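J.: Got a structure for you, work39.txt, holding compact mmCIF, C-alpha atoms.
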```txt
# COMPACT_ATOMS: atom_id res chain seq x y z
CA MET A 1 36.61 -30.14 -0.64
CA LEU A 2 36.68 -33.93 -1.03
CA ARG A 3 40.10 -35.44 -0.47
CA ARG A 4 40.50 -38.81 -2.15
CA THR A 5 43.98 -39.48 -0.80
CA PRO A 6 44.41 -39.41 2.98
CA PRO A 7 47.44 -38.03 4.80
CA ALA A 8 50.39 -40.29 5.50
CA GLY A 9 49.70 -42.77 8.30
CA THR A 10 45.99 -43.08 7.65
CA CYS A 11 44.70 -46.64 7.22
CA GLY A 12 44.12 -47.17 3.51
CA ARG A 13 42.34 -44.81 1.18
CA ILE A 14 39.35 -43.29 2.92
CA PRO A 15 37.53 -40.39 1.20
CA ILE A 16 37.66 -37.29 3.39
CA LYS A 17 35.79 -34.01 3.27
CA VAL A 18 37.47 -31.12 5.07
CA LEU A 19 35.03 -28.37 6.01
CA ARG A 20 36.57 -24.98 6.70
CA GLY A 21 34.72 -21.92 7.94
CA HIS A 22 35.33 -21.53 11.65
CA THR A 23 38.20 -19.26 12.67
CA ASP A 24 39.01 -20.97 15.97
CA ALA A 25 38.77 -24.40 17.58
CA VAL A 26 35.64 -26.37 16.64
CA SER A 27 34.32 -27.64 19.96
CA SER A 28 31.46 -29.95 18.92
CA CYS A 29 29.85 -31.62 15.92
CA SER A 30 26.74 -33.68 15.30
CA PHE A 31 24.88 -35.16 12.34
CA CYS A 32 21.26 -34.03 12.01
CA PHE A 33 18.36 -33.83 9.55
CA GLU A 34 18.70 -37.53 8.68
CA ASP A 35 22.47 -37.11 8.24
CA SER A 36 22.05 -34.52 5.48
CA ARG A 37 23.29 -31.72 7.76
CA ILE A 38 25.93 -31.25 10.44
CA VAL A 39 25.82 -28.72 13.26
CA THR A 40 29.00 -27.40 14.87
CA SER A 41 30.01 -24.99 17.61
CA SER A 42 33.29 -23.14 17.96
CA HIS A 43 35.51 -21.04 20.14
CA ASP A 44 35.05 -18.32 17.51
CA ARG A 45 31.72 -17.71 19.32
CA THR A 46 29.58 -19.02 16.48
CA ALA A 47 27.66 -22.17 15.60
CA LYS A 48 27.08 -23.34 12.04
CA LEU A 49 24.73 -25.60 10.14
CA TRP A 50 26.51 -27.35 7.23
CA ASP A 51 25.31 -29.23 4.19
CA ALA A 52 26.95 -32.65 4.54
CA GLU A 53 27.11 -33.26 0.79
CA SER A 54 28.57 -29.97 -0.42
CA GLY A 55 30.36 -28.93 2.78
CA VAL A 56 28.83 -25.45 2.52
CA PRO A 57 27.61 -23.56 5.64
CA LEU A 58 23.85 -23.05 5.33
CA LEU A 59 23.26 -21.01 8.47
CA VAL A 60 25.53 -19.16 10.89
CA PHE A 61 24.46 -18.48 14.48
CA ASP A 62 26.47 -15.48 15.64
CA ARG A 63 26.25 -12.22 17.60
CA GLY A 64 24.87 -14.11 20.57
CA HIS A 65 27.77 -15.23 22.77
CA SER A 66 30.64 -13.12 24.07
CA ALA A 67 32.98 -16.06 24.76
CA PRO A 68 33.81 -19.46 23.19
CA ILE A 69 30.92 -21.87 22.64
CA THR A 70 31.76 -25.20 24.26
CA GLY A 71 28.92 -27.31 22.90
CA CYS A 72 25.62 -27.37 21.08
CA ALA A 73 22.62 -29.68 20.79
CA LEU A 74 19.66 -29.73 18.41
CA THR A 75 16.11 -30.43 19.57
CA PRO A 76 14.52 -33.60 18.09
CA ASP A 77 12.05 -31.54 16.02
CA HIS A 78 15.01 -29.61 14.52
CA ASN A 79 13.37 -26.30 15.40
CA ARG A 80 15.87 -25.10 17.98
CA LEU A 81 19.61 -25.18 18.51
CA ILE A 82 20.91 -24.97 22.08
CA THR A 83 24.41 -23.56 22.66
CA ALA A 84 26.50 -23.50 25.84
CA SER A 85 29.30 -21.01 26.37
CA TRP A 86 32.06 -19.82 28.64
CA ASP A 87 30.17 -16.51 28.85
CA LYS A 88 28.03 -18.31 31.50
CA THR A 89 24.92 -18.42 29.31
CA MET A 90 23.01 -21.05 27.40
CA LYS A 91 20.99 -19.86 24.41
CA ALA A 92 18.24 -21.25 22.20
CA TRP A 93 18.30 -20.30 18.51
CA ASP A 94 15.54 -20.48 15.92
CA MET A 95 16.72 -22.88 13.21
CA LYS A 96 14.81 -21.01 10.50
CA THR A 97 15.75 -17.43 11.27
CA GLY A 98 18.97 -17.84 13.26
CA GLU A 99 17.62 -15.52 15.94
CA VAL A 100 18.07 -16.02 19.70
CA LEU A 101 14.81 -17.17 21.32
CA TRP A 102 15.98 -17.12 24.93
CA SER A 103 19.14 -16.88 27.02
CA ALA A 104 19.58 -18.63 30.38
CA ALA A 105 22.23 -17.35 32.79
CA HIS A 106 24.37 -19.78 34.80
CA ASP A 107 26.66 -19.18 37.75
CA GLY A 108 29.75 -20.53 36.04
CA LEU A 109 31.38 -21.40 32.73
CA LEU A 110 29.33 -23.96 30.80
CA THR A 111 31.19 -27.09 29.79
CA SER A 112 28.44 -29.03 27.96
CA CYS A 113 24.74 -29.31 27.14
CA SER A 114 22.40 -32.16 26.18
CA VAL A 115 18.78 -32.04 24.98
CA SER A 116 16.44 -34.78 26.19
CA PRO A 117 15.23 -37.11 23.41
CA ASP A 118 11.63 -36.11 24.14
CA GLY A 119 12.60 -32.51 23.38
CA ASN A 120 11.33 -31.04 26.64
CA TYR A 121 14.48 -30.31 28.61
CA VAL A 122 18.15 -29.49 28.28
CA ALA A 123 20.82 -30.49 30.78
CA SER A 124 23.93 -28.37 31.19
CA SER A 125 27.09 -28.60 33.28
CA THR A 126 29.29 -25.90 34.80
CA ASP A 127 32.55 -25.43 36.63
CA MET A 128 30.96 -23.33 39.39
CA GLU A 129 29.63 -25.28 42.38
CA ASN A 130 30.28 -28.46 40.35
CA ALA A 131 26.66 -28.29 39.28
CA ILE A 132 24.31 -29.50 36.59
CA TYR A 133 21.19 -27.62 35.51
CA ILE A 134 17.90 -28.79 33.99
CA THR A 135 16.23 -26.13 31.83
CA CYS A 136 12.92 -26.00 29.94
CA VAL A 137 13.60 -26.06 26.19
CA ASP A 138 10.53 -23.98 25.32
CA SER A 139 10.97 -21.11 27.80
CA GLY A 140 14.54 -21.25 29.04
CA GLU A 141 13.23 -21.44 32.61
CA LYS A 142 15.52 -23.18 35.09
CA ILE A 143 13.73 -26.26 36.44
CA PHE A 144 16.47 -27.76 38.63
CA LYS A 145 19.92 -26.80 39.81
CA ILE A 146 21.87 -29.65 41.41
CA LYS A 147 24.72 -28.03 43.33
CA GLY A 148 27.72 -30.01 44.50
CA HIS A 149 26.77 -32.85 42.20
CA HIS A 150 30.48 -33.70 41.87
CA LYS A 151 33.57 -32.82 43.89
CA SER A 152 35.22 -31.04 40.97
CA THR A 153 34.32 -29.47 37.61
CA VAL A 154 31.57 -31.31 35.73
CA THR A 155 33.11 -31.88 32.32
CA GLY A 156 30.11 -33.37 30.51
CA CYS A 157 26.49 -34.46 30.81
CA ARG A 158 24.19 -36.57 28.68
CA PHE A 159 20.48 -37.48 28.78
CA ASP A 160 19.71 -41.17 28.43
CA PRO A 161 17.56 -42.31 25.45
CA GLY A 162 14.48 -42.53 27.68
CA SER A 163 14.76 -38.90 28.89
CA GLN A 164 14.64 -40.25 32.44
CA ARG A 165 18.20 -39.76 33.66
CA VAL A 166 21.16 -37.45 33.17
CA ALA A 167 24.62 -38.99 33.27
CA SER A 168 27.44 -36.66 34.25
CA VAL A 169 31.21 -37.05 34.42
CA SER A 170 33.79 -34.95 36.15
CA ALA A 171 37.40 -34.07 36.81
CA ASP A 172 36.88 -35.91 40.11
CA LYS A 173 36.90 -39.18 38.04
CA SER A 174 33.37 -40.12 39.10
CA ILE A 175 30.19 -40.90 37.18
CA LYS A 176 26.75 -39.93 38.44
CA LEU A 177 23.19 -40.52 37.25
CA TRP A 178 20.56 -38.01 38.28
CA ASP A 179 17.01 -39.37 37.98
CA PHE A 180 14.49 -36.91 36.56
CA VAL A 181 11.50 -38.71 38.09
CA ALA A 182 13.02 -39.33 41.52
CA ARG A 183 14.65 -35.89 41.43
CA ARG A 184 17.81 -37.17 43.04
CA THR A 185 21.11 -38.85 42.27
CA THR A 186 20.36 -42.56 42.03
CA LEU A 187 23.76 -43.86 41.00
CA SER A 188 27.34 -42.85 41.77
CA ILE A 189 30.31 -44.77 40.33
CA ASN A 190 33.94 -44.46 41.33
CA SER A 191 35.12 -45.17 37.83
CA GLY A 192 38.64 -46.40 38.36
CA HIS A 193 39.83 -43.98 35.69
CA SER A 194 43.18 -42.53 36.72
CA ASN A 195 42.56 -39.09 35.24
CA VAL A 196 39.77 -36.67 34.31
CA ILE A 197 36.68 -38.19 32.69
CA SER A 198 35.99 -35.91 29.75
CA SER A 199 32.89 -37.34 28.07
CA CYS A 200 30.21 -40.02 28.16
CA CYS A 201 27.61 -41.57 25.86
CA PHE A 202 24.77 -44.11 26.05
CA THR A 203 24.01 -47.05 23.81
CA GLY A 204 20.78 -46.75 21.83
CA ASN A 205 18.81 -48.76 24.37
CA GLY A 206 20.23 -46.79 27.29
CA ARG A 207 21.51 -49.93 28.95
CA HIS A 208 25.22 -49.23 28.72
CA LEU A 209 27.27 -46.10 29.28
CA CYS A 210 30.72 -45.41 27.87
CA THR A 211 33.13 -42.99 29.52
CA ALA A 212 36.17 -41.36 27.91
CA SER A 213 39.12 -40.25 29.99
CA TRP A 214 42.38 -38.38 29.90
CA ASP A 215 43.98 -41.63 31.10
CA LYS A 216 43.80 -42.69 27.41
CA THR A 217 41.12 -45.34 28.01
CA LEU A 218 37.40 -45.83 27.53
CA ARG A 219 35.22 -47.84 29.89
CA LEU A 220 31.87 -49.57 29.39
CA TRP A 221 29.34 -49.71 32.22
CA ASP A 222 26.24 -51.88 32.51
CA ILE A 223 23.83 -49.49 34.20
CA PRO A 224 20.65 -51.52 34.97
CA THR A 225 22.30 -54.55 36.60
CA GLY A 226 25.05 -52.74 38.45
CA ARG A 227 27.47 -55.62 37.86
CA PHE A 228 30.31 -53.07 37.80
CA ARG A 229 30.05 -52.82 41.60
CA SER A 230 31.80 -56.14 41.93
CA ARG A 231 33.97 -56.27 38.82
CA GLY A 232 34.23 -52.75 37.41
CA GLY A 233 33.65 -51.71 33.83
CA VAL A 234 35.08 -53.16 30.64
CA THR A 235 38.22 -51.22 29.64
CA LEU A 236 39.12 -50.34 26.06
CA SER A 237 42.78 -49.34 25.84
CA LYS A 238 45.61 -48.88 23.34
CA GLY A 239 43.36 -46.98 20.97
CA HIS A 240 44.91 -43.58 21.62
CA GLU A 241 48.27 -42.19 22.65
CA GLY A 242 46.79 -39.08 24.26
CA ASN A 243 43.93 -37.81 26.40
CA ILE A 244 40.57 -38.98 25.04
CA SER A 245 38.12 -36.10 24.73
CA SER A 246 34.98 -37.59 23.22
CA CYS A 247 33.05 -40.77 22.46
CA VAL A 248 29.85 -41.77 20.68
CA PHE A 249 28.05 -45.01 19.82
CA SER A 250 26.53 -45.74 16.43
CA GLU A 251 22.74 -45.91 16.43
CA ASP A 252 22.78 -49.72 16.63
CA SER A 253 25.67 -49.68 19.14
CA SER A 254 27.81 -51.93 16.93
CA LEU A 255 30.50 -49.24 16.62
CA LEU A 256 32.06 -46.85 19.10
CA VAL A 257 34.00 -43.79 17.92
CA SER A 258 36.45 -41.79 20.03
CA GLY A 259 38.57 -38.68 19.51
CA ALA A 260 41.65 -37.56 21.41
CA CYS A 261 44.45 -35.05 21.80
CA ASP A 262 46.71 -37.36 19.78
CA ARG A 263 44.83 -35.83 16.79
CA ASN A 264 43.33 -39.20 15.89
CA VAL A 265 39.84 -40.66 15.59
CA THR A 266 39.52 -44.33 16.55
CA VAL A 267 36.72 -46.66 15.47
CA TRP A 268 35.99 -49.60 17.79
CA ASP A 269 34.19 -52.78 16.78
CA MET A 270 31.89 -53.57 19.72
CA GLU A 271 31.51 -57.20 18.72
CA GLY A 272 35.00 -57.88 20.10
CA PRO A 273 35.30 -55.30 21.48
CA CYS A 274 38.47 -54.19 19.72
CA LYS A 275 40.09 -51.35 17.83
CA LYS A 276 39.05 -51.48 14.18
CA LEU A 277 40.39 -48.37 12.49
CA VAL A 278 42.41 -45.24 13.26
CA LEU A 279 41.71 -42.10 11.21
CA LYS A 280 44.59 -39.62 10.99
CA GLY A 281 44.61 -36.18 9.43
CA HIS A 282 43.76 -33.51 11.99
CA THR A 283 46.67 -31.29 12.97
CA ASP A 284 45.46 -30.63 16.52
CA TRP A 285 43.33 -32.07 19.33
CA VAL A 286 40.12 -33.84 18.21
CA THR A 287 37.41 -32.32 20.39
CA ASP A 288 34.28 -34.21 19.35
CA VAL A 289 33.04 -37.03 17.12
CA SER A 290 29.74 -38.10 15.57
CA ILE A 291 28.64 -41.01 13.38
CA SER A 292 25.83 -41.09 10.82
CA ALA A 293 22.84 -43.37 11.35
CA ASP A 294 23.84 -45.55 8.40
CA LYS A 295 27.42 -45.82 9.76
CA LYS A 296 28.88 -44.62 6.46
CA TRP A 297 30.30 -41.33 7.72
CA ILE A 298 32.15 -40.13 10.79
CA ALA A 299 32.39 -36.43 11.63
CA SER A 300 35.20 -35.06 13.78
CA SER A 301 35.83 -31.54 15.05
CA SER A 302 39.21 -30.23 16.11
CA LYS A 303 41.22 -27.43 17.60
CA ASP A 304 42.71 -27.07 14.12
CA SER A 305 39.51 -25.12 13.25
CA THR A 306 38.24 -27.77 10.81
CA LEU A 307 35.48 -30.33 10.61
CA ARG A 308 36.35 -33.57 8.83
CA LEU A 309 33.97 -36.12 7.33
CA TRP A 310 35.39 -39.61 6.92
CA ASN A 311 33.68 -42.11 4.62
CA ILE A 312 34.14 -45.48 6.34
CA GLU A 313 31.52 -47.29 4.24
CA ASN A 314 34.11 -49.58 2.66
CA SER A 315 36.56 -49.70 5.55
CA ASP A 316 36.17 -53.47 5.95
CA HIS A 317 37.87 -53.84 2.56
CA ILE A 318 40.89 -51.71 3.44
CA PRO A 319 44.02 -53.90 3.43
CA ALA A 320 45.22 -52.59 6.79
CA VAL A 321 41.88 -53.42 8.44
CA ILE A 322 41.86 -56.89 6.88
CA GLU A 323 45.41 -57.54 8.03
CA THR A 324 44.61 -56.33 11.54
CA ARG A 325 41.70 -58.73 11.78
CA LYS A 326 43.80 -61.57 10.39
CA ALA A 327 46.64 -60.83 12.79
CA ALA A 328 44.21 -60.93 15.68
CA GLY A 329 42.77 -64.17 14.31
CA PHE A 330 39.17 -62.98 14.25
CA HIS A 331 36.45 -65.55 13.84
CA ILE A 332 32.68 -65.19 14.05
CA VAL A 333 30.57 -66.97 16.66
CA LYS A 334 26.94 -66.73 17.72
CA CYS A 335 26.01 -65.20 21.08
CA GLU A 336 24.19 -67.79 23.16
CA ALA A 337 22.14 -65.08 24.87
CA CYS A 338 20.97 -62.68 22.13
CA GLU A 339 21.81 -65.03 19.22
CA LYS A 340 23.58 -62.26 17.32
CA PRO A 341 26.97 -62.89 15.65
CA PHE A 342 30.08 -61.37 17.20
CA SER A 343 33.84 -61.52 16.67
CA LEU A 344 36.49 -63.22 18.78
CA THR A 345 40.25 -62.90 18.48
CA ARG A 346 42.73 -65.74 18.26
CA ALA A 347 43.65 -65.10 21.90
CA GLU A 348 40.07 -65.72 23.00
CA ASN A 349 38.57 -69.18 23.42
CA SER A 350 35.06 -69.60 22.00
CA ASP A 351 34.50 -72.44 24.46
CA PHE A 352 35.10 -69.93 27.25
CA ILE A 353 33.50 -66.83 25.74
CA SER A 354 30.03 -67.61 24.43
CA LYS A 355 28.41 -64.18 24.71
CA CYS A 356 28.88 -60.82 22.99
CA VAL A 357 30.29 -57.90 24.95
CA PHE A 358 26.90 -56.43 25.88
CA CYS A 359 25.52 -59.76 27.09
CA ARG A 360 28.76 -60.34 29.02
CA LEU A 361 28.27 -56.99 30.71
CA THR A 362 24.85 -58.11 31.97
CA SER A 363 25.90 -61.67 32.82
CA PRO A 364 25.85 -62.65 36.52
CA SER A 365 28.94 -64.81 36.07
CA ARG A 366 32.39 -63.30 36.48
CA ASN A 367 33.73 -66.00 34.18
CA ASP A 368 31.83 -64.49 31.27
CA LEU A 369 33.90 -61.32 31.44
CA PRO A 370 37.56 -61.93 30.63
CA ALA A 371 40.16 -59.24 30.27
CA PRO A 372 39.92 -57.13 27.08
CA PRO A 373 41.74 -58.62 24.08
CA VAL A 374 45.20 -57.42 23.14
CA LEU A 375 44.86 -54.92 20.32
```
How would this structure read if it were set down as structure tokens?
T.:
Amino acid sequence: MLRRTPPAGTCGRIPIKVLRGHTDAVSSCSFCFEDSRIVTSSHDRTAKLWDAESGVPLLVFDRGHSAPITGCALTPDHNRLITASWDKTMKAWDMKTGEVLWSAAHDGLLTSCSVSPDGNYVASSTDMENAIYITCVDSGEKIFKIKGHHKSTVTGCRFDPGSQRVASVSADKSIKLWDFVARRTTLSINSGHSNVISSCCFTGNGRHLCTASWDKTLRLWDIPTGRFRSRGGVTLSKGHEGNISSCVFSEDSSLLVSGACDRNVTVWDMEGPCKKLVLKGHTDWVTDVSISADKKWIASSSKDSTLRLWNIENSDHIPAVIETRKAAGFHIVKCEACEKPFSLTRAENSDFISKCVFCRLTSPSRNDLPAPPVL
């Protein structure tokens, strides 16, 4: 069903599609098949493939798991769906028949899974032994088990765009990168988050990592240069009033989307970086978010058992967004490093800040990285 009028409190009039079909919390969502489809997983022990236009379920993956499914990931060739569950198994499903191709047992409850962009491997995280696993996508054979990778439950893991490293985050508030080639942990970051880190995501070029935390903030980390060792990551705050559960970059990394237990979805403009838009309508915790390649649609899953599709194509013309940008005194300047345009607020001096946020992250000068703007 397409809702033309949003609930009270939502910024402007944004078309919304509410997809109903799961009978329990929807734990993950992701656009696929060139944004024409969406795949979801749920605590009702099923996964579904939806038609993004009609909102109709096209395929249901059921009778496989005996406990809630915590996450799912599609292989790049769209032939297999990987699901992770609290029943301590990870399964691969045939996308044409809906049948289970293999099942891989783990020692603990699975909290997440991520398929490598080259389609060869899947990383998974568990609460037992604070471990991450690397499994062969084709056979389900366990390739690596990294025990004691963190000091507490591993809450999420994500392959980088080059299929070389697996980033993992944990309730111990740390971030680790396990290198597939070196076969060891090559980077460990004490994040500075004051609560559980729940999720992480890479930019399209794999250079920057974003972490989402229950401390209600997101942080940006420049991975290749390691500048964070001396000055920490860039903090994005005041976007949520509750624990943040998920984050994802747009394909071109110009937008960042986050979801939280405050039932809201927040869109961040990475040119600033600053909060751009808050989407309200879910009646319970937002568990996951996804953004289409063309940046026209945002998908959000929730404990309210629904999947929502938000059309943000014309969000720049919404009065509330325009007023927010005016109030912040946004003006456009050109990055002296990459020569791309980016936004500055009235509180920021263009004579002082001459680089976009990503170039500032990689800059050797501490003076290029001021405190985040007031939102």
J.: I'd like the neighbourhood of segment 277-285 of chain A as number ranges by chain, where a residue qualifies if any of its atoms comes within 6 Å (using all atoms listed in the file), though same-chain residues fewer than 3 positions away should be ignored.
T.: A: 7, 10, 261, 263-267, 302-304
J.: For Gly259 of chain A, list every protein, DNA or RNA residue within 7 Å, evaluated using only C-alpha atoms, and leave out those in the same chain fewer than 6 positions away; present the list as a list in words.
T.: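 After dropping sequence-adjacent residues, the list is Ile244, Ser245, Ser246, Cys247, Val265, Thr266, Val286, Thr287, Asp288 and Val289 of chain A.
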J.: Between A:Arg37, A:Lys173, A:Lys216, A:His43, which is the closest to His65 of chain A once you count all atoms listed in the file?
T.: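 Among the listed residues, A:His43 lies closest to His65 of chain A.
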J.: Could you check how far atom CA of Ser300 of chain A sits from atom CA of Ile312 of chain A, in Å to one decimal?
T.: 12.8 Å
J.: Residues within 10 Å of segment 235-240 of chain A, please, as JSON, numbers by chain. Count all atoms listed in the file; anything in the same chain fewer than 3 positions from it doesn't count.
T.: {"A": [192, 193, 210, 211, 212, 215, 216, 217, 218, 219, 220, 221, 232, 243, 244, 258, 259, 260, 261, 262, 263, 264, 265, 266, 267, 268, 273, 274, 275, 276, 277, 278, 371, 372, 373, 374, 375]}
J.: Between atom CA of Trp214 of chain A and atom CA of Gly156 of chain A, what distance in Å does the model show, to one decimal?
T.: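 Going from atom CA of Trp214 of chain A over to atom CA of Gly156 of chain A, I get 13.3 Å.
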J.: Would you compute the distance between atom CA of Thr111 of chain A and atom CA of Ser85 of chain A? Give it in Å to one decimal.
T.: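 Taking atom CA of Thr111 of chain A and atom CA of Ser85 of chain A, their separation equals 7.2 Å.
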J.: Considering all atoms listed in the file, return as an NGL selection string whatever protein or nucleic-acid residues lie within 8 Å of Gly206 of chain A, sequence-local ones (same chain, fewer than 5 positions apart) excluded.
T.: :A and (160-162)
J.: Name the residues in contact with Ser116 of chain A at a cut-off of 6 Å, using all atoms listed in the file, excluding same-chain residues fewer than 4 positions from it; report them as a ChimeraX atom specification.
T.: /A:121-122,159,163
J.: Taking only C-alpha atoms into account, name the residue in A:Ser174, A:Thr75, A:Ser66, A:Thr153 that is nearest to Cys136 of chain A.
T.: A:Thr75
J.: For Glu99 of chain A, which residue out of A:Arg183, A:Lys147, A:Lys296, A:Arg80 is the nearest one, using all atoms listed in the file?
T.: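 Once distances to Glu99 of chain A are computed over all atoms listed in the file, the minimum belongs to A:Arg80.
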J.: Under the rule that all atoms listed in the file are counted, which of A:Asp222, A:Leu109, A:Pro319, A:Leu307 is the nearest residue to Leu19 of chain A?
T.: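 Ranked by minimum distance to Leu19 of chain A, first place goes to A:Leu307.
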J.: For each of A:Val18, A:Ala123, A:Ala84, A:Val56, take the minimum atom-to-atom distance to Ala105 of chain A, counting all atoms listed in the file, then give the residue where this is smallest.
T.: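 Checking each candidate against Ala105 of chain A, we get A:Ala84 as the closest.
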J.: Smallest atom-to-atom distance to Thr46 of chain A: which of A:Trp178, A:Glu34, A:Ile82, A:Arg13, using all atoms listed in the file?
T.: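 So, comparing all the options, the nearest one is A:Ile82.
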